[in-house]
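Novice: Before I ask anything, here is the structure I am working with.
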Amino acid sequence: MKAQFKEIDARPAKKVAEAKARKKQAAHRQLEKVRKKSNSISDQADISDRSKRKMIEQLHKKATPKKEYVISKKGVQVKAGKGKVLVDRRMKKDVRKQRMSKRGKQNDVEGNAGLNLEVLCEVAG
């Protein structure tokens, strides 16, 4: 008897399956719209290739699903499924620190590169 219930529980419910099908169909419709728009953009002759590519990339970027970040917490079990990324607090802070230090280095290099040697020579001599 328990085995039968486990078997029934393992199967996705009809409502769940229908919801997944609706979601899949909506995504398919949206991709078709994007495909049609991108074809119409690529057929235009008066626009440069670079701007066409950029417009098409923007369309595809909006249509594709984004990753969802799941932040793990102490004592709480979290599952990261399809389209989800498991992240912990420490990892987020480390990545943020790396980005900040990278920006600082870029600003230092840009600041020094902005000084022209000819101008320095004129000021000094």
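Residues are referred to by chain and number: the chain letter is A, B, ... according to the order shown in the structure tokens, the number counts from 1 in that chain, and ligands are numbered separately from 1 in the order shown.
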Give the alpha helix (DSSP H) residues of chain A, as DSSP finds them on the backbone, and put them as a PyMOL selection string.
Specialist: chain A and resi 2-10+14-43+49-63+89-113+117-124
Novice: Fewer than 4 positions away in the same chain doesn't count, so skip those; otherwise give me all residues within 10 Å of segment 62-69 of chain A, counting only C-alpha atoms, as a list of chain:residue names.
Specialist: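 My reading of the contact set: A:Ala27, A:His28, A:Gln30, A:Leu31, A:Glu32, A:Lys33, A:Val34, A:Glu57, A:Gln58, A:Ala80, A:Gly81, A:Lys82, A:Gly83, A:Lys84, A:Val85, A:Leu86, A:Val87, A:Asp88.
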Novice: Just the selected residues (N, CA and C atoms), exported as an mmCIF file, in the first residue's frame, please.
Specialist:
data_model
loop_
_atom_site.group_PDB
_atom_site.id
_atom_site.type_symbol
_atom_site.label_atom_id
_atom_site.label_comp_id
_atom_site.auth_asym_id
_atom_site.auth_seq_id
_atom_site.Cartn_x
_atom_site.Cartn_y
_atom_site.Cartn_z
ATOM 1 N N ALA A 27 6.844 30.632 -23.472
ATOM 2 C CA ALA A 27 8.238 30.905 -23.807
ATOM 3 C C ALA A 27 8.474 30.681 -25.299
ATOM 4 N N HIS A 28 7.865 29.641 -25.846
ATOM 5 C CA HIS A 28 7.999 29.340 -27.279
ATOM 6 C C HIS A 28 7.403 30.473 -28.115
ATOM 7 N N GLN A 30 7.030 33.592 -27.229
ATOM 8 C CA GLN A 30 7.879 34.777 -27.099
ATOM 9 C C GLN A 30 9.118 34.653 -27.991
ATOM 10 N N LEU A 31 9.714 33.472 -28.048
ATOM 11 C CA LEU A 31 10.873 33.265 -28.916
ATOM 12 C C LEU A 31 10.512 33.427 -30.384
ATOM 13 N N GLU A 32 9.323 32.971 -30.752
ATOM 14 C CA GLU A 32 8.866 33.141 -32.139
ATOM 15 C C GLU A 32 8.724 34.618 -32.488
ATOM 16 N N LYS A 33 8.168 35.405 -31.570
ATOM 17 C CA LYS A 33 8.042 36.852 -31.786
ATOM 18 C C LYS A 33 9.411 37.488 -31.986
ATOM 19 N N VAL A 34 10.357 37.093 -31.133
ATOM 20 C CA VAL A 34 11.708 37.636 -31.230
ATOM 21 C C VAL A 34 12.342 37.249 -32.559
ATOM 22 N N GLU A 57 20.671 41.366 -30.488
ATOM 23 C CA GLU A 57 21.159 40.864 -29.199
ATOM 24 C C GLU A 57 20.288 41.351 -28.047
ATOM 25 N N GLN A 58 19.849 42.623 -28.117
ATOM 26 C CA GLN A 58 18.976 43.160 -27.070
ATOM 27 C C GLN A 58 17.641 42.421 -27.034
ATOM 28 N N ALA A 80 18.820 24.155 -5.177
ATOM 29 C CA ALA A 80 18.947 24.988 -6.369
ATOM 30 C C ALA A 80 18.627 24.111 -7.569
ATOM 31 N N GLY A 81 17.497 24.363 -8.198
ATOM 32 C CA GLY A 81 17.073 23.554 -9.335
ATOM 33 C C GLY A 81 17.531 24.151 -10.649
ATOM 34 N N LYS A 82 16.787 23.844 -11.681
ATOM 35 C CA LYS A 82 17.122 24.316 -13.021
ATOM 36 C C LYS A 82 16.920 25.827 -13.098
ATOM 37 N N GLY A 83 17.927 26.533 -13.602
ATOM 38 C CA GLY A 83 17.833 27.981 -13.734
ATOM 39 C C GLY A 83 18.087 28.731 -12.449
ATOM 40 N N LYS A 84 18.541 28.005 -11.412
ATOM 41 C CA LYS A 84 18.822 28.640 -10.127
ATOM 42 C C LYS A 84 20.271 28.377 -9.747
ATOM 43 N N VAL A 85 20.893 29.356 -9.111
ATOM 44 C CA VAL A 85 22.277 29.225 -8.685
ATOM 45 C C VAL A 85 22.333 29.388 -7.171
ATOM 46 N N LEU A 86 22.936 28.441 -6.500
ATOM 47 C CA LEU A 86 23.047 28.492 -5.046
ATOM 48 C C LEU A 86 24.241 29.370 -4.657
ATOM 49 N N VAL A 87 23.977 30.371 -3.847
ATOM 50 C CA VAL A 87 25.004 31.334 -3.457
ATOM 51 C C VAL A 87 24.965 31.493 -1.940
ATOM 52 N N ASP A 88 26.132 31.592 -1.308
ATOM 53 C CA ASP A 88 26.141 31.870 0.119
ATOM 54 C C ASP A 88 26.661 33.294 0.357
#
Novice: What gap, in Å, lies between atom CA of Arg11 of chain A and atom CA of Ser72 of chain A?
Specialist: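 Between atom CA of Arg11 of chain A and atom CA of Ser72 of chain A the gap is 28.1 Å.
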Novice: How many Å separate atom CA of Lys79 of chain A from atom CA of Val16 of chain A?
Specialist: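 Between atom CA of Lys79 of chain A and atom CA of Val16 of chain A the gap works out to 18.7 Å.
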Novice: May I have all residues of chain A that DSSP, computed from the backbone, assigns to strand (DSSP E), given as a ChimeraX atom specification?
Specialist: /A:68-71,84-87
Novice: So, with only C-alpha atoms as the atoms that count, which of A:Lys102, A:Arg35, A:Arg90, A:Lys54 lies closest to Lys74 of chain A?
Specialist: A:Arg90
Novice: May I ask which of the residues A:Ala19, A:Met55, A:Ala3, A:Val78 is the closest one to Ser40 of chain A, counting only C-alpha atoms?
Specialist: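 Ranked by minimum distance to Ser40 of chain A, first place goes to A:Met55.
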Novice: Quick check, in Å to one decimal: how far apart do atom CA of Ser51 of chain A and atom CA of Lys36 of chain A lie?
Specialist: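 Going from atom CA of Ser51 of chain A over to atom CA of Lys36 of chain A covers 17.3 Å.
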